[in-house]
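*Asks:* Have a look at this one before I ask anything.
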Amino acid sequence: MKYLCKNLEIISSEIATVSALSSAVFYGYGIFTTIAIFNQKPFLWDLHLQRLQQNAERLKIKIPFDEESIKSALLDLITKNGLINGKARITIFEEEAPSIWSAANLRQPCLLITTSANRSQANEMRLTISPHPVNSKSSLRGIKSCNYLENLLELEMAKTKGFDEALRLNENSQVVSACMANIFWIDGENVYTPSLETGCLEGTTRTFVIELCRSQSFDVYTAFATIDELLRADEVFLTSAGLGIMPIRKIADHFFENYQTENLRKAFEKIIYSL
């Protein structure tokens, strides 16, 4: 997109800068959320803001502006970029140098908002299984931090093997998520998704889809499941702001149907495009 918003000011993306000595550059010290945009409106805004506030508190990052100012800036940027359907990313990061590199030891949080149109994507995905476990005891568990290198490396590994994404397990061999999305599976009339204690992120779309499944007469459970339990499921799907509900056709060499998943996806799309 041609424009972005930095500290409530909309500027050309070609001239935007970030300090080379910032904690974000040095260590990825920051948080972000990716918001789906439908009909020029941010989807699940309250949930995204709530998670930003919770993550900021845990990392001791001050959100530099109030909710209404941030939302107004987001809406202005959506209009400026002519975005109808797509996604926006709100990033809050430390722009000053970390204390071990600066005697001043200043803290200066920065707000950055960017937008993007939706990319074309397949109607279903294939997953490989990552050999590298998620640390369920990490101090960053549940935080959507700017340090996403591990996720990106696992995603690229999956793509080099001819898959679309990778299934991630934790150190206890429990199903956690995909690299960039939450995971659900259907067994009969029951829907399961990993417990937050496995190390998975509490995705905003995950929260919405749990309630959507209940409205479609499914019983929904959070689980500590092994890969064998997952592979015995009838259907599997991913959720994220970018994917919505994405059916999984294959995990490693195991294939799945997606009849009920397709019905859920249609119900999801009916809701979002009626906004």
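Labels used: A, B, ... for chains in the order of the structure tokens, numbers from 1 for residues in each chain, and numbers from 1 for ligands as shown.
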Check the DSSP output for the backbone and give back, as a compact mmCIF listing (two decimals) with N, CA, C and O atoms, in the first residue's frame, the residues of region 151-227 of chain A in alpha helix (DSSP H).

*Replies:*
```txt
# COMPACT_ATOMS: atom_id res chain seq x y z
N ASN A 151 8.70 -18.63 13.64
CA ASN A 151 7.51 -18.98 12.86
C ASN A 151 7.78 -18.91 11.37
O ASN A 151 7.36 -19.78 10.59
N LEU A 152 8.50 -17.86 10.95
CA LEU A 152 8.80 -17.69 9.52
C LEU A 152 9.72 -18.78 9.00
O LEU A 152 9.54 -19.29 7.89
N LEU A 153 10.70 -19.17 9.81
CA LEU A 153 11.61 -20.24 9.41
C LEU A 153 10.86 -21.56 9.23
O LEU A 153 11.10 -22.31 8.27
N GLU A 154 9.94 -21.85 10.14
CA GLU A 154 9.17 -23.09 10.04
C GLU A 154 8.24 -23.05 8.83
O GLU A 154 8.05 -24.06 8.14
N LEU A 155 7.67 -21.88 8.55
CA LEU A 155 6.80 -21.74 7.38
C LEU A 155 7.59 -21.94 6.08
O LEU A 155 7.13 -22.64 5.17
N GLU A 156 8.76 -21.34 6.01
CA GLU A 156 9.58 -21.50 4.80
C GLU A 156 10.04 -22.94 4.62
O GLU A 156 10.11 -23.44 3.50
N MET A 157 10.35 -23.62 5.73
CA MET A 157 10.73 -25.02 5.65
C MET A 157 9.60 -25.84 5.06
O MET A 157 9.82 -26.72 4.21
N ALA A 158 8.38 -25.55 5.50
CA ALA A 158 7.21 -26.28 4.98
C ALA A 158 7.06 -26.06 3.48
O ALA A 158 6.80 -27.00 2.72
N LYS A 159 7.23 -24.83 3.05
CA LYS A 159 7.05 -24.52 1.63
C LYS A 159 8.12 -25.16 0.76
O LYS A 159 7.84 -25.57 -0.36
N THR A 160 9.33 -25.26 1.27
CA THR A 160 10.39 -25.92 0.49
C THR A 160 10.11 -27.41 0.31
O THR A 160 10.61 -28.03 -0.61
N THR A 204 -7.77 -13.91 17.72
CA THR A 204 -9.09 -13.28 17.75
C THR A 204 -10.07 -14.04 16.88
O THR A 204 -11.24 -14.21 17.24
N THR A 205 -9.61 -14.52 15.71
CA THR A 205 -10.48 -15.32 14.86
C THR A 205 -10.80 -16.65 15.54
O THR A 205 -11.93 -17.15 15.44
N ARG A 206 -9.85 -17.21 16.26
CA ARG A 206 -10.09 -18.43 17.04
C ARG A 206 -11.24 -18.22 18.00
O ARG A 206 -12.16 -19.05 18.10
N THR A 207 -11.22 -17.10 18.74
CA THR A 207 -12.28 -16.80 19.70
C THR A 207 -13.64 -16.70 19.00
O THR A 207 -14.64 -17.24 19.48
N PHE A 208 -13.66 -16.02 17.86
CA PHE A 208 -14.91 -15.85 17.12
C PHE A 208 -15.42 -17.19 16.59
O PHE A 208 -16.63 -17.48 16.66
N VAL A 209 -14.52 -18.01 16.07
CA VAL A 209 -14.94 -19.29 15.48
C VAL A 209 -15.44 -20.26 16.55
O VAL A 209 -16.34 -21.06 16.29
N ILE A 210 -14.89 -20.21 17.74
CA ILE A 210 -15.42 -21.04 18.82
C ILE A 210 -16.90 -20.76 19.03
O ILE A 210 -17.72 -21.68 19.13
N GLU A 211 -17.27 -19.48 19.07
CA GLU A 211 -18.67 -19.12 19.25
C GLU A 211 -19.50 -19.45 18.01
O GLU A 211 -20.67 -19.85 18.12
N LEU A 212 -18.89 -19.31 16.83
CA LEU A 212 -19.58 -19.68 15.60
C LEU A 212 -19.92 -21.17 15.60
O LEU A 212 -21.04 -21.57 15.24
N CYS A 213 -18.98 -22.01 16.01
CA CYS A 213 -19.22 -23.45 16.06
C CYS A 213 -20.35 -23.78 17.02
O CYS A 213 -21.21 -24.62 16.72
N ARG A 214 -20.37 -23.12 18.15
CA ARG A 214 -21.45 -23.36 19.12
C ARG A 214 -22.81 -22.95 18.54
O ARG A 214 -23.81 -23.63 18.76
N SER A 215 -22.82 -21.87 17.77
CA SER A 215 -24.07 -21.44 17.15
C SER A 215 -24.55 -22.40 16.08
O SER A 215 -25.73 -22.40 15.72
N ILE A 227 -0.53 -35.89 18.11
CA ILE A 227 -0.69 -35.90 16.66
C ILE A 227 -1.56 -37.08 16.22
O ILE A 227 -2.36 -36.98 15.29
```

*Asks:* Pick out the residues sitting within 9 Å of Ser136 (chain A), and hand them over as a ChimeraX atom specification; count only C-alpha atoms, and ignore anything fewer than 6 positions along from it in its own chain.

*Replies:* /A:170-172,176,196-200

*Asks:* Write a file of the just-selected residues containing N, CA and C atoms, as a short mmCIF file (atom, residue, chain, number, x, y, z; two decimals), in the first residue's frame.

*Replies:*
```cif
data_model
loop_
_atom_site.label_atom_id
_atom_site.label_comp_id
_atom_site.auth_asym_id
_atom_site.auth_seq_id
_atom_site.Cartn_x
_atom_site.Cartn_y
_atom_site.Cartn_z
N ASN A 170 4.29 -29.02 20.85
CA ASN A 170 5.14 -28.50 21.91
C ASN A 170 6.09 -29.57 22.43
N GLU A 171 6.80 -29.23 23.50
CA GLU A 171 7.81 -30.16 24.03
C GLU A 171 7.19 -31.42 24.62
N ASN A 172 5.87 -31.41 24.82
CA ASN A 172 5.16 -32.59 25.32
C ASN A 172 4.46 -33.35 24.19
N VAL A 176 -0.25 -27.76 18.93
CA VAL A 176 -0.29 -26.36 19.34
C VAL A 176 -1.03 -25.50 18.31
N LEU A 196 -4.89 -23.12 25.49
CA LEU A 196 -3.89 -22.06 25.50
C LEU A 196 -2.64 -22.48 26.25
N GLU A 197 -2.77 -23.42 27.16
CA GLU A 197 -1.62 -23.88 27.94
C GLU A 197 -0.65 -24.72 27.13
N THR A 198 -1.04 -25.13 25.92
CA THR A 198 -0.11 -25.85 25.06
C THR A 198 0.94 -24.92 24.48
N GLY A 199 0.68 -23.62 24.53
CA GLY A 199 1.58 -22.63 23.94
C GLY A 199 0.99 -21.93 22.74
N CYS A 200 -0.26 -22.24 22.40
CA CYS A 200 -0.88 -21.60 21.24
C CYS A 200 -1.30 -20.17 21.57
#
```

*Asks:* In terms of the shortest atom-to-atom distance over only C-alpha atoms, which of A:Ala88, A:Ile271, A:Ile129, A:Leu140 is closest to His254 (chain A)?

*Replies:*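 With only C-alpha atoms as the atom set, the closest residue is A:Ile129.
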
*Asks:* Can you list, as a list in words, every protein, DNA or RNA residue that comes within 6 Å of Gly86 (chain A) when you count only C-alpha atoms, leaving out same-chain residues fewer than 6 positions away?

*Replies:* Ile37, Ser116, Ala117 and Asn118 of chain A

*Asks:* Could those selected residues go to a file with all heavy atoms, as a PDB file, in the first residue's frame?

*Replies:*
```
ATOM      1  N   ILE A  37     -10.036  -6.770   7.361  1.00  0.00           N
ATOM      2  CA  ILE A  37     -10.852  -5.621   6.964  1.00  0.00           C
ATOM      3  C   ILE A  37     -11.915  -6.109   5.980  1.00  0.00           C
ATOM      4  O   ILE A  37     -11.578  -6.696   4.945  1.00  0.00           O
ATOM      5  CB  ILE A  37     -10.001  -4.525   6.301  1.00  0.00           C
ATOM      6  CG1 ILE A  37      -8.827  -4.120   7.205  1.00  0.00           C
ATOM      7  CG2 ILE A  37     -10.868  -3.314   5.940  1.00  0.00           C
ATOM      8  CD1 ILE A  37      -9.230  -3.548   8.542  1.00  0.00           C
ATOM      9  N   SER A 116      -2.946  -3.924   3.791  1.00  0.00           N
ATOM     10  CA  SER A 116      -2.620  -4.730   2.616  1.00  0.00           C
ATOM     11  C   SER A 116      -3.887  -5.334   2.051  1.00  0.00           C
ATOM     12  O   SER A 116      -4.795  -5.713   2.808  1.00  0.00           O
ATOM     13  CB  SER A 116      -1.642  -5.848   2.995  1.00  0.00           C
ATOM     14  OG  SER A 116      -1.431  -6.737   1.910  1.00  0.00           O
ATOM     15  N   ALA A 117      -3.953  -5.424   0.733  1.00  0.00           N
ATOM     16  CA  ALA A 117      -5.063  -6.128   0.098  1.00  0.00           C
ATOM     17  C   ALA A 117      -4.898  -7.623   0.320  1.00  0.00           C
ATOM     18  O   ALA A 117      -3.797  -8.110   0.600  1.00  0.00           O
ATOM     19  CB  ALA A 117      -5.099  -5.817  -1.394  1.00  0.00           C
ATOM     20  N   ASN A 118      -5.985  -8.373   0.209  1.00  0.00           N
ATOM     21  CA  ASN A 118      -5.914  -9.822   0.347  1.00  0.00           C
ATOM     22  C   ASN A 118      -5.157 -10.437  -0.827  1.00  0.00           C
ATOM     23  O   ASN A 118      -5.286  -9.995  -1.970  1.00  0.00           O
ATOM     24  CB  ASN A 118      -7.327 -10.422   0.402  1.00  0.00           C
ATOM     25  CG  ASN A 118      -7.992 -10.194   1.735  1.00  0.00           C
ATOM     26  OD1 ASN A 118      -7.335 -10.161   2.761  1.00  0.00           O
ATOM     27  ND2 ASN A 118      -9.312 -10.034   1.730  1.00  0.00           N
TER      28      ASN A 118
END
```

*Asks:* Please provide the set of residues having any atom within 10 Å of region 145-148 of chain A, restricted to only C-alpha atoms, with same-chain residues fewer than 3 positions apart removed, written as a list in words.

*Replies:*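 Result of the neighbour search: Ala24, Val25, Tyr27, Gly28, Tyr29, Gly30, Ile31, Phe32, Thr33, Leu52, Asn55, Ala56, Leu59, Thr91, Ile92, Phe93, Leu140, Arg141, Gly142, Asn151, Leu152, Leu153, Cys179 and Met180 of chain A.
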
*Asks:* Next, dump the selected residues to file, keeping only C-alpha atoms, as a short mmCIF file (atom, residue, chain, number, x, y, z; two decimals), in the first residue's frame.

*Replies:*
```cif
data_model
loop_
_atom_site.label_atom_id
_atom_site.label_comp_id
_atom_site.auth_asym_id
_atom_site.auth_seq_id
_atom_site.Cartn_x
_atom_site.Cartn_y
_atom_site.Cartn_z
CA ALA A 24 12.57 -3.32 17.85
CA VAL A 25 15.46 -3.45 15.39
CA TYR A 27 15.56 -7.53 19.54
CA GLY A 28 12.10 -7.44 17.98
CA TYR A 29 10.88 -5.68 21.13
CA GLY A 30 7.28 -4.96 20.24
CA ILE A 31 3.81 -6.40 19.76
CA PHE A 32 1.38 -6.49 16.89
CA THR A 33 -2.03 -7.65 15.77
CA LEU A 52 -2.81 -5.49 22.38
CA ASN A 55 0.39 -7.98 25.59
CA ALA A 56 1.63 -4.43 26.16
CA LEU A 59 6.00 -6.59 28.05
CA THR A 91 2.41 -2.62 15.63
CA ILE A 92 3.57 -1.03 18.87
CA PHE A 93 7.30 -1.11 19.48
CA LEU A 140 6.41 -15.08 25.58
CA ARG A 141 3.64 -17.68 25.55
CA GLY A 142 0.43 -16.07 24.38
CA ASN A 151 7.51 -18.98 12.86
CA LEU A 152 8.80 -17.69 9.52
CA LEU A 153 11.61 -20.24 9.41
CA CYS A 179 3.03 -21.37 12.11
CA MET A 180 0.67 -18.50 11.29
#
```
